[in-house]
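Peer 1: So here's model.tsv, just TSV, C-alpha atoms:
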chain	number	residue	atom	x	y	z
A	454	MET	CA	0.00	0.00	0.00
A	455	THR	CA	1.33	3.44	-0.84
A	456	HIS	CA	0.74	6.35	1.46
A	457	ASN	CA	-0.03	9.97	0.78
A	458	ASN	CA	2.58	12.44	2.00
A	459	TYR	CA	-0.06	15.05	2.77
A	460	ILE	CA	-1.89	12.62	5.07
A	461	TYR	CA	1.43	11.87	6.78
A	462	ILE	CA	1.93	15.63	7.25
A	463	ALA	CA	-1.61	16.09	8.60
A	464	ILE	CA	-1.16	13.27	11.12
A	465	MET	CA	2.22	14.59	12.28
A	466	ALA	CA	0.83	18.12	12.61
A	467	LEU	CA	-2.27	16.99	14.51
A	468	VAL	CA	-0.28	14.90	17.00
A	469	SER	CA	2.34	17.62	17.50
A	470	TYR	CA	-0.28	20.30	18.07
A	471	CYS	CA	-2.35	18.23	20.50
A	472	ILE	CA	0.72	17.38	22.60
A	473	ARG	CA	1.44	21.07	23.00
A	474	VAL	CA	-1.99	22.56	23.26
A	475	LEU	CA	-3.78	20.08	25.51
A	476	PRO	CA	-1.64	20.83	28.58
A	477	LEU	CA	-2.09	24.55	27.88
A	478	THR	CA	-5.88	24.38	27.63
A	479	LEU	CA	-7.52	21.28	29.11
A	480	ILE	CA	-4.98	19.93	31.57
A	481	ARG	CA	-4.05	23.20	33.23
A	482	ARG	CA	-3.04	21.75	36.57
A	483	PRO	CA	0.42	20.26	37.11
A	484	ILE	CA	0.84	16.50	36.69
A	485	LYS	CA	0.87	15.01	40.19
A	486	ASN	CA	1.62	11.37	39.46
A	487	ARG	CA	5.27	10.89	40.28
A	488	PHE	CA	5.91	8.08	37.80
A	489	ILE	CA	4.39	9.99	34.86
A	490	GLN	CA	6.23	13.14	35.90
A	491	SER	CA	9.56	11.30	36.08
A	492	PHE	CA	8.87	9.40	32.87
A	493	LEU	CA	8.15	12.60	30.95
A	494	TYR	CA	11.19	14.23	32.49
A	495	TYR	CA	13.52	11.50	31.21
A	496	VAL	CA	11.91	10.88	27.81
A	497	PRO	CA	13.55	13.77	25.90
A	498	TYR	CA	17.09	12.86	26.92
A	499	VAL	CA	16.59	9.20	26.10
A	500	THR	CA	14.82	9.77	22.76
A	501	LEU	CA	17.36	12.27	21.51
A	502	ALA	CA	20.30	10.15	22.69
A	503	VAL	CA	18.87	7.03	21.04
A	504	MET	CA	18.29	8.95	17.82
A	505	THR	CA	21.78	10.47	17.82
A	506	PHE	CA	23.94	7.40	18.23
A	507	PRO	CA	24.83	5.42	16.22
A	508	ALA	CA	22.81	7.27	13.54
A	509	ILE	CA	25.28	10.19	13.39
A	510	VAL	CA	28.04	7.75	12.42
A	511	HIS	CA	26.00	6.44	9.49
A	512	ALA	CA	24.83	9.88	8.37
A	513	THR	CA	28.16	10.87	6.87
A	514	GLN	CA	30.03	9.34	3.95
A	515	SER	CA	32.83	8.16	6.18
A	516	PRO	CA	31.89	6.79	9.62
A	517	ALA	CA	35.07	8.30	11.10
A	518	ALA	CA	33.86	11.81	10.25
A	519	GLY	CA	30.49	11.13	11.89
A	520	ALA	CA	32.18	9.78	15.00
A	521	ALA	CA	34.41	12.86	15.17
A	522	ALA	CA	31.34	15.10	14.84
A	523	LEU	CA	29.78	13.27	17.77
A	524	VAL	CA	32.83	13.83	19.98
A	525	ILE	CA	33.23	17.49	18.98
A	526	GLY	CA	29.49	18.09	19.37
A	527	ILE	CA	29.47	16.65	22.89
A	528	ALA	CA	32.56	18.66	23.82
A	529	ALA	CA	31.16	21.91	22.40
A	530	ALA	CA	27.78	21.45	24.13
A	531	TRP	CA	29.53	20.48	27.37
A	532	TRP	CA	31.47	23.76	27.35
A	533	GLY	CA	28.32	25.76	26.81
A	534	ALA	CA	28.25	26.42	23.06
A	535	SER	CA	24.86	27.50	21.68
A	536	LEU	CA	22.65	25.41	19.43
A	537	PHE	CA	23.94	27.20	16.35
A	538	GLN	CA	27.59	26.86	17.38
A	539	VAL	CA	27.27	23.14	18.13
A	540	ALA	CA	25.51	22.46	14.83
A	541	VAL	CA	28.11	24.41	12.83
A	542	ALA	CA	31.02	22.78	14.70
A	543	CYS	CA	29.68	19.32	13.83
A	544	CYS	CA	29.30	20.21	10.16
A	545	ALA	CA	32.76	21.78	10.01
A	546	VAL	CA	34.42	18.71	11.51
A	547	VAL	CA	32.80	16.43	8.93
A	548	LEU	CA	33.71	18.75	6.08
A	549	ILE	CA	37.35	18.98	7.16
A	550	ILE	CA	37.83	15.27	7.88
A	551	GLU	CA	36.21	14.18	4.63
A	552	LEU	CA	38.55	16.50	2.72
A	553	PHE	CA	41.44	14.36	3.89
A	554	ILE	CA	39.85	10.92	3.61
B	538	MET	CA	-16.15	43.20	43.13
B	539	GLU	CA	-17.50	41.00	40.37
B	540	THR	CA	-20.10	43.52	39.33
B	541	SER	CA	-17.64	46.36	39.21
B	542	GLU	CA	-15.40	44.34	36.91
B	543	LYS	CA	-18.29	43.55	34.63
B	544	LEU	CA	-19.12	47.22	34.44
B	545	LEU	CA	-15.67	48.12	33.28
B	546	ASP	CA	-15.04	48.38	29.61
B	547	PRO	CA	-12.86	45.40	28.61
B	548	GLU	CA	-10.36	47.73	27.01
B	549	LEU	CA	-9.93	49.66	30.22
B	550	VAL	CA	-9.34	46.45	32.14
B	551	GLN	CA	-6.79	45.49	29.52
B	552	ARG	CA	-4.91	48.73	29.88
B	553	GLY	CA	-4.51	48.16	33.59
B	554	ARG	CA	-2.96	44.78	32.90
B	555	PRO	CA	-0.14	45.14	30.46
B	556	VAL	CA	0.60	41.41	30.61
B	557	CYS	CA	-1.93	40.37	27.99
B	558	GLY	CA	-1.99	43.62	26.06
B	559	PHE	CA	0.16	44.17	23.01
B	560	SER	CA	3.41	45.93	23.68
B	561	ARG	CA	5.62	46.85	20.78
B	562	LYS	CA	8.66	46.85	23.03
B	563	VAL	CA	8.04	43.32	24.30
B	564	PHE	CA	7.31	42.08	20.79
B	565	CYS	CA	10.60	43.53	19.54
B	566	GLU	CA	12.47	41.96	22.44
B	567	GLY	CA	11.03	38.65	21.36
B	568	MET	CA	12.20	39.23	17.80
B	569	ARG	CA	15.66	40.19	19.04
B	570	ASP	CA	15.97	36.99	21.07
B	571	GLY	CA	14.50	35.06	18.15
B	572	VAL	CA	17.36	36.00	15.78
B	573	PRO	CA	19.95	33.49	17.05
B	574	ILE	CA	17.24	30.82	17.33
B	575	ALA	CA	16.09	31.42	13.77
B	576	LEU	CA	19.69	31.23	12.59
B	577	GLY	CA	20.19	27.89	14.33
B	578	TYR	CA	16.87	26.58	13.03
B	579	PHE	CA	17.74	27.53	9.49
B	580	ALA	CA	21.02	25.61	9.62
B	581	VAL	CA	19.54	22.58	11.33
B	582	SER	CA	16.37	22.36	9.26
B	583	PHE	CA	18.58	22.20	6.20
B	584	SER	CA	19.71	18.74	7.29
B	585	LEU	CA	16.12	17.89	8.13
B	586	GLY	CA	15.34	18.71	4.50
B	587	ILE	CA	17.96	16.21	3.38
B	588	ALA	CA	16.12	13.54	5.39
B	589	ALA	CA	12.75	14.69	4.04
B	590	ARG	CA	14.04	14.35	0.50
B	591	LYS	CA	15.03	10.74	1.18
B	592	ALA	CA	11.47	10.16	2.40
B	593	GLY	CA	10.22	11.38	-0.99
B	594	PHE	CA	8.99	14.81	0.10
B	595	THR	CA	8.79	17.69	-2.36
B	596	PRO	CA	10.07	21.12	-1.21
B	597	LEU	CA	6.47	22.27	-0.69
B	598	GLN	CA	5.64	19.20	1.40
B	599	GLY	CA	8.79	19.71	3.47
B	600	PHE	CA	7.89	23.36	3.98
B	601	LEU	CA	4.40	22.42	5.14
B	602	ALA	CA	5.61	19.61	7.39
B	603	SER	CA	8.02	21.93	9.16
B	604	LEU	CA	5.63	24.89	9.30
B	605	LEU	CA	2.95	22.72	10.90
B	606	ASN	CA	5.17	20.63	13.17
B	607	ASN	CA	8.04	22.77	14.42
B	608	ALA	CA	9.69	19.65	15.76
B	609	SER	CA	13.24	18.53	15.06
B	610	ALA	CA	13.37	15.01	16.45
B	611	GLY	CA	9.68	14.39	15.81
B	612	GLU	CA	9.91	15.27	12.14
B	613	TYR	CA	13.20	13.50	11.65
B	614	ALA	CA	11.93	10.29	13.22
B	615	ALA	CA	8.74	10.50	11.17
B	616	PHE	CA	10.69	11.03	7.92
B	617	ALA	CA	12.86	8.02	8.76
B	618	LEU	CA	9.71	5.92	9.15
B	619	ILE	CA	8.02	7.32	6.04
B	620	MET	CA	11.13	6.30	4.09
B	621	THR	CA	10.20	2.69	4.87
B	622	ASN	CA	6.57	3.25	3.76
B	623	ALA	CA	5.36	3.01	7.36
B	624	SER	CA	1.71	2.96	8.36
B	625	TYR	CA	-0.08	6.16	9.44
B	626	LEU	CA	-0.41	4.75	12.95
B	627	GLU	CA	3.34	4.19	13.27
B	628	VAL	CA	3.98	7.77	12.20
B	629	ALA	CA	1.46	9.02	14.77
B	630	VAL	CA	3.12	6.99	17.55
B	631	ILE	CA	6.68	8.08	16.73
B	632	THR	CA	5.54	11.72	16.56
B	633	LEU	CA	3.93	11.30	19.96
B	634	ILE	CA	7.04	9.75	21.52
B	635	ALA	CA	9.63	12.03	19.95
B	636	ASN	CA	7.59	15.10	20.89
B	637	ALA	CA	6.53	13.94	24.35
B	638	ARG	CA	8.89	16.44	25.92
B	639	TYR	CA	6.74	19.28	24.62
B	640	LEU	CA	3.90	17.99	26.79
B	641	LEU	CA	6.02	18.67	29.85
B	642	MET	CA	7.08	22.07	28.59
B	643	SER	CA	3.49	23.05	27.88
B	644	CYS	CA	2.54	21.97	31.41
B	645	ALA	CA	5.21	24.30	32.77
B	646	LEU	CA	4.12	27.14	30.48
B	647	ALA	CA	0.47	26.66	31.48
B	648	GLN	CA	1.40	27.64	35.03
B	649	ARG	CA	2.96	30.89	33.89
B	650	PHE	CA	-0.02	32.42	32.08
B	651	ALA	CA	-1.66	35.29	33.97
B	652	PRO	CA	-5.16	34.10	34.96
B	653	ASP	CA	-6.88	36.76	32.85
B	654	THR	CA	-4.95	36.06	29.64
B	655	PRO	CA	-7.51	35.39	26.88
B	656	ILE	CA	-7.63	31.69	26.05
B	657	TRP	CA	-6.81	32.14	22.37
B	658	HIS	CA	-3.24	32.98	23.36
B	659	ARG	CA	-2.91	29.44	24.71
B	660	PHE	CA	-3.94	28.05	21.33
B	661	VAL	CA	-1.39	30.20	19.50
B	662	ILE	CA	1.50	29.57	21.91
B	663	GLY	CA	0.76	25.85	21.57
B	664	TYR	CA	1.62	26.12	17.89
B	665	ASP	CA	5.33	26.53	18.53
B	666	VAL	CA	6.50	25.12	21.86
B	667	THR	CA	10.05	24.00	21.07
B	668	ASP	CA	13.11	23.48	23.25
B	669	GLU	CA	14.55	26.87	22.38
B	670	LEU	CA	11.37	28.96	22.36
B	671	PHE	CA	10.27	27.33	25.61
B	672	GLY	CA	13.69	28.16	27.03
B	673	ILE	CA	13.56	31.89	26.30
B	674	THR	CA	9.87	32.16	27.25
B	675	ILE	CA	10.22	30.50	30.64
B	676	ALA	CA	13.47	32.34	31.38
B	677	ARG	CA	11.63	35.70	31.52
B	678	PRO	CA	10.59	36.64	35.03
B	679	GLY	CA	6.94	37.10	35.95
B	680	ASN	CA	3.86	36.11	34.01
B	681	LEU	CA	4.19	34.87	30.47
B	682	ASP	CA	3.79	37.62	27.90
B	683	PRO	CA	2.57	35.88	24.74
B	684	TYR	CA	3.66	38.78	22.52
B	685	TYR	CA	7.28	38.20	23.52
B	686	THR	CA	7.05	34.62	22.30
B	687	TYR	CA	5.16	35.67	19.17
B	688	GLY	CA	8.06	37.97	18.27
B	689	ALA	CA	10.47	35.04	18.43
B	690	ILE	CA	8.07	32.66	16.63
B	691	LEU	CA	7.67	35.16	13.81
B	692	LEU	CA	11.35	34.68	12.94
B	693	ALA	CA	11.90	31.09	14.08
B	694	ALA	CA	8.98	29.33	12.38
B	695	PRO	CA	9.60	30.66	8.83
B	696	ALA	CA	13.33	29.98	9.20
B	697	TRP	CA	12.59	26.40	10.20
B	698	ALA	CA	10.14	25.82	7.35
B	699	SER	CA	12.14	27.52	4.59
B	700	GLY	CA	15.35	25.80	5.73
B	701	THR	CA	13.62	22.45	5.34
B	702	ALA	CA	12.41	23.32	1.84
B	703	LEU	CA	15.87	24.57	0.84
B	704	GLY	CA	17.43	21.41	2.26
B	705	ILE	CA	15.23	19.34	-0.04
B	706	ILE	CA	16.15	21.47	-3.05
B	707	ALA	CA	19.86	21.67	-2.21
B	708	GLY	CA	20.08	17.96	-1.49
B	709	ASN	CA	19.81	17.55	-5.25
B	710	LEU	CA	22.20	20.34	-6.16
B	711	LEU	CA	24.98	20.32	-3.57
B	712	PRO	CA	28.02	18.09	-3.92
B	713	LEU	CA	27.86	14.88	-1.88
B	714	ARG	CA	30.58	16.16	0.43
B	715	ALA	CA	28.52	19.19	1.47
B	716	VAL	CA	25.39	17.09	1.97
B	717	SER	CA	27.40	14.73	4.14
B	718	ALA	CA	28.62	17.60	6.34
B	719	LEU	CA	25.18	19.21	6.60
B	720	SER	CA	23.55	15.93	7.62
B	721	VAL	CA	25.09	16.14	11.08
B	722	ALA	CA	23.70	19.60	11.92
B	723	LEU	CA	20.52	18.05	13.30
B	724	TYR	CA	22.48	15.72	15.56
B	725	GLY	CA	24.45	18.74	16.73
B	726	MET	CA	21.15	20.28	17.78
B	727	PHE	CA	20.19	17.13	19.69
B	728	LEU	CA	23.54	17.21	21.49
B	729	ALA	CA	23.05	20.90	22.34
B	730	ILE	CA	19.77	19.92	24.02
B	731	ILE	CA	20.86	16.83	25.98
B	732	ILE	CA	24.48	17.53	26.97
B	733	PRO	CA	24.10	20.65	29.19
B	734	PRO	CA	21.57	18.91	31.52
B	735	ALA	CA	23.79	15.81	31.49
B	736	ARG	CA	26.60	17.95	32.76
B	737	LYS	CA	24.46	19.11	35.68
B	738	SER	CA	22.91	15.75	36.59
B	739	ARG	CA	24.78	12.48	36.90
B	740	ILE	CA	21.55	10.54	36.38
B	741	VAL	CA	20.85	12.27	33.07
B	742	ALA	CA	24.47	11.74	32.02
B	743	ALA	CA	24.22	8.03	32.83
B	744	LEU	CA	20.91	7.78	30.95
B	745	VAL	CA	22.43	9.38	27.86
B	746	ALA	CA	25.34	6.91	28.01
B	747	VAL	CA	22.98	3.93	28.50
B	748	SER	CA	20.80	5.14	25.62
B	749	PHE	CA	23.82	5.44	23.32
B	750	ALA	CA	24.97	1.94	24.29
B	751	LEU	CA	21.59	0.20	23.95
B	752	SER	CA	20.81	2.00	20.72
B	753	PHE	CA	24.15	0.78	19.36
B	754	ALA	CA	23.56	-2.76	20.61
B	755	CYS	CA	20.11	-2.87	19.00
B	756	ASN	CA	21.73	-2.49	15.61
B	757	TYR	CA	23.20	-5.95	16.05
B	758	LEU	CA	20.79	-7.87	18.27
B	759	PRO	CA	18.98	-10.53	16.24
B	760	GLY	CA	15.29	-9.75	15.89
B	761	ILE	CA	15.51	-6.19	17.13
B	762	ALA	CA	17.95	-5.24	14.40
B	763	SER	CA	15.31	-6.02	11.78
B	764	LEU	CA	12.85	-3.50	13.26
B	765	SER	CA	12.77	-0.04	11.68
B	766	ASP	CA	14.73	2.81	13.29
B	767	GLY	CA	11.52	4.48	14.38
B	768	THR	CA	10.11	1.41	16.10
B	769	ARG	CA	13.41	0.84	17.87
B	770	THR	CA	13.41	4.46	19.05
B	771	ILE	CA	9.91	4.03	20.48
B	772	LEU	CA	10.76	0.78	22.27
B	773	LEU	CA	14.05	2.01	23.70
B	774	THR	CA	12.58	5.33	24.84
B	775	VAL	CA	9.67	3.70	26.66
B	776	LEU	CA	11.87	1.02	28.24
B	777	ILE	CA	14.78	3.20	29.34
B	778	SER	CA	12.68	6.17	30.52
B	779	GLY	CA	10.27	3.84	32.28
B	780	ALA	CA	13.10	2.07	34.10
B	781	ALA	CA	14.68	5.42	35.02
B	782	ALA	CA	11.35	6.74	36.32
B	783	VAL	CA	11.04	3.70	38.61
B	784	LEU	CA	14.68	3.74	39.76
B	785	PHE	CA	15.20	7.51	40.04
B	786	PRO	CA	11.86	9.25	40.50
B	787	VAL	CA	12.29	13.02	40.23
B	788	LYS	CA	11.23	15.27	43.07
B	789	ASP	CA	8.21	17.46	42.42
B	790	GLN	CA	10.17	20.65	41.85
B	791	GLU	CA	13.14	19.17	40.06
B	792	ALA	CA	11.52	18.51	36.71
B	793	GLU	CA	10.24	22.04	36.26
B	794	LYS	CA	13.31	23.72	37.68
B	795	ASP	CA	15.72	21.82	35.45
B	796	ASP	CA	13.60	22.37	32.41
B	797	ALA	CA	13.54	26.06	33.02
Output the file's structure in the form of structure tokens.
Peer 2:
Amino acid sequence: MTHNNYIYIAIMALVSYCIRVLPLTLIRRPIKNRFIQSFLYYVPYVTLAVMTFPAIVHATQSPAAGAAALVIGIAAAWWGASLFQVAVACCAVVLIIELFI
Amino acid sequence: METSEKLLDPELVQRGRPVCGFSRKVFCEGMRDGVPIALGYFAVSFSLGIAARKAGFTPLQGFLASLLNNASAGEYAAFALIMTNASYLEVAVITLIANARYLLMSCALAQRFAPDTPIWHRFVIGYDVTDELFGITIARPGNLDPYYTYGAILLAAPAWASGTALGIIAGNLLPLRAVSALSVALYGMFLAIIIPPARKSRIVAALVAVSFALSFACNYLPGIASLSDGTRTILLTVLISGAAAVLFPVKDQEAEKDDA
């Protein structure tokens, strides 16, 4: 079965909007359940970490460049670089390493 | 008290409460703080566009997807699934999981609205709750002024959407080497979100390390390795976060304080 990209977009948009707007409108009181609160607190770090590695290594032409981008990205973010700086640093590392490989 | 308020002209009431009234100054402050965010979004969404192109999206579709979603990880995970011709349900579930953090941010923002802010502001703010916009909104002292956030959204949302569209177009035009370099911008953004809290909390740092390790292992484990990236992300997120929530429950204040 083939799928329609516009339906994909509509579903993504609907889910994204509901996640954001429901707590702002319907569920206005803070979440009291400790498990749910903790679960939601940890989810972003785990999702983003799972999505980053090892995917970053496969995203580049040479895995070594992707691995270097991971290390430099972690170091830059650790030392307080902004979103833009971290993103640019990662790209620059890949560009430079792949010039020599 | 109630009657006297009803007697007052709504506009007069508004004037006495600058929080929900339009202020050009506040709006411009929002735009000023939105500039670096928009810049970052433009760079990162470029690599999102590269992923969207692989999923078979046209520049217009990529533009729409980003304009309506404003989600880095959510969109990226969805594109990765769509690449494999996934079902609509799978795409809905991965969007839910990858964007679950926005639920928590919206909960925190909900507490910061002045009680008399008209409800439509909540519907508009809900359009663009992202890590960065949430960050600058919640960092302002006092009640939330929606016009501040609107100023930032006005720059950030178009940058995000047009960057995605350009990424799709450029993916065809740029040399392979440049595409390869740009593909990691999105991961750089993820690192910029997860590493600073990991530095502050040993538990978060350990979770990031465990997530890296298990995600790596799942590439090779028989059975699990055959699942799509998106499904693996869902499973790992639910399992690891669930285990962490049982082992290290956060204190009531901690979640909101750290997020802010």
Peer 1: Using all atoms listed in the file, give me every residue within 9 Å of (13.5, 29.1, 7.1) in file coordinates, as a list of chain:residue names.
Peer 2: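 Those residues lying close to the given coordinates are B:Ala575, B:Leu576, B:Tyr578, B:Phe579, B:Ala580, B:Ser582, B:Phe583, B:Phe600, B:Leu692, B:Ala693, B:Ala694, B:Pro695, B:Ala696, B:Trp697, B:Ala698, B:Ser699, B:Gly700, B:Thr701, B:Ala702, B:Leu703.
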Peer 1: Can you pull out every residue within 9 Å of Gly519 of chain A, counting only C-alpha atoms, but drop anything in the same chain fewer than 2 positions away, and send it as a PDB file with C-alpha atoms, in the coordinates of the input?
Peer 2:
ATOM      1  CA  ALA A 508      22.810   7.270  13.540  1.00  0.00           C
ATOM      2  CA  ILE A 509      25.280  10.190  13.390  1.00  0.00           C
ATOM      3  CA  VAL A 510      28.040   7.750  12.420  1.00  0.00           C
ATOM      4  CA  HIS A 511      26.000   6.440   9.490  1.00  0.00           C
ATOM      5  CA  ALA A 512      24.830   9.880   8.370  1.00  0.00           C
ATOM      6  CA  THR A 513      28.160  10.870   6.870  1.00  0.00           C
ATOM      7  CA  GLN A 514      30.030   9.340   3.950  1.00  0.00           C
ATOM      8  CA  SER A 515      32.830   8.160   6.180  1.00  0.00           C
ATOM      9  CA  PRO A 516      31.890   6.790   9.620  1.00  0.00           C
ATOM     10  CA  ALA A 517      35.070   8.300  11.100  1.00  0.00           C
ATOM     11  CA  ALA A 521      34.410  12.860  15.170  1.00  0.00           C
ATOM     12  CA  ALA A 522      31.340  15.100  14.840  1.00  0.00           C
ATOM     13  CA  LEU A 523      29.780  13.270  17.770  1.00  0.00           C
ATOM     14  CA  VAL A 524      32.830  13.830  19.980  1.00  0.00           C
ATOM     15  CA  CYS A 543      29.680  19.320  13.830  1.00  0.00           C
ATOM     16  CA  VAL A 546      34.420  18.710  11.510  1.00  0.00           C
ATOM     17  CA  VAL A 547      32.800  16.430   8.930  1.00  0.00           C
TER      18      VAL A 547
ATOM     19  CA  ALA B 718      28.620  17.600   6.340  1.00  0.00           C
ATOM     20  CA  VAL B 721      25.090  16.140  11.080  1.00  0.00           C
TER      21      VAL B 721
END
Peer 1: So, counting all atoms listed in the file, which residue among B:Gly767, B:Gly760, B:Gly567, B:Gly708 is closest to chain A?
Peer 2: B:Gly767
Peer 1: Applying 9 Å and all atoms listed in the file, which residues near Val541 of chain A remain after dropping the ones on its own chain fewer than 3 positions away? List them as a list in words.
Peer 2: Leu536, Phe537, Gln538, Cys544, Ala545 and Val546 of chain A; Gly577, Ala580, Val581, Leu719, Val721, Ala722 and Gly725 of chain B
Peer 1: Determine the nearest neighbour of Phe660 of chain B from the options B:Thr621, B:Ser643, B:Ser748, B:Thr674, counting only C-alpha atoms.
Peer 2: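 So, comparing all the options, the nearest one is B:Ser643.
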Peer 1: Counting only C-alpha atoms, what is within 9 Å of Ile472 of chain A, bar same-chain residues fewer than 6 positions away, as a list in words?
Peer 2: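 Returned residues: Leu633, Asn636, Ala637, Arg638, Tyr639, Leu640, Ser643 and Gly663 of chain B.
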Peer 1: Now that the selection is made, can you save its residues with C-alpha atoms as a PDB file, in the coordinates of the input?
Peer 2:
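This went into selection.pdb:
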ATOM      1  CA  LEU B 633       3.930  11.300  19.960  1.00  0.00           C
ATOM      2  CA  ASN B 636       7.590  15.100  20.890  1.00  0.00           C
ATOM      3  CA  ALA B 637       6.530  13.940  24.350  1.00  0.00           C
ATOM      4  CA  ARG B 638       8.890  16.440  25.920  1.00  0.00           C
ATOM      5  CA  TYR B 639       6.740  19.280  24.620  1.00  0.00           C
ATOM      6  CA  LEU B 640       3.900  17.990  26.790  1.00  0.00           C
ATOM      7  CA  SER B 643       3.490  23.050  27.880  1.00  0.00           C
ATOM      8  CA  GLY B 663       0.760  25.850  21.570  1.00  0.00           C
TER       9      GLY B 663
END
Peer 1: For Phe749 of chain B, please output as a list in words all residues within 6 Å (counting all atoms listed in the file; exclusion window: fewer than 6 positions along the same chain).
Peer 2: Ala502, Val503 and Phe506 of chain A
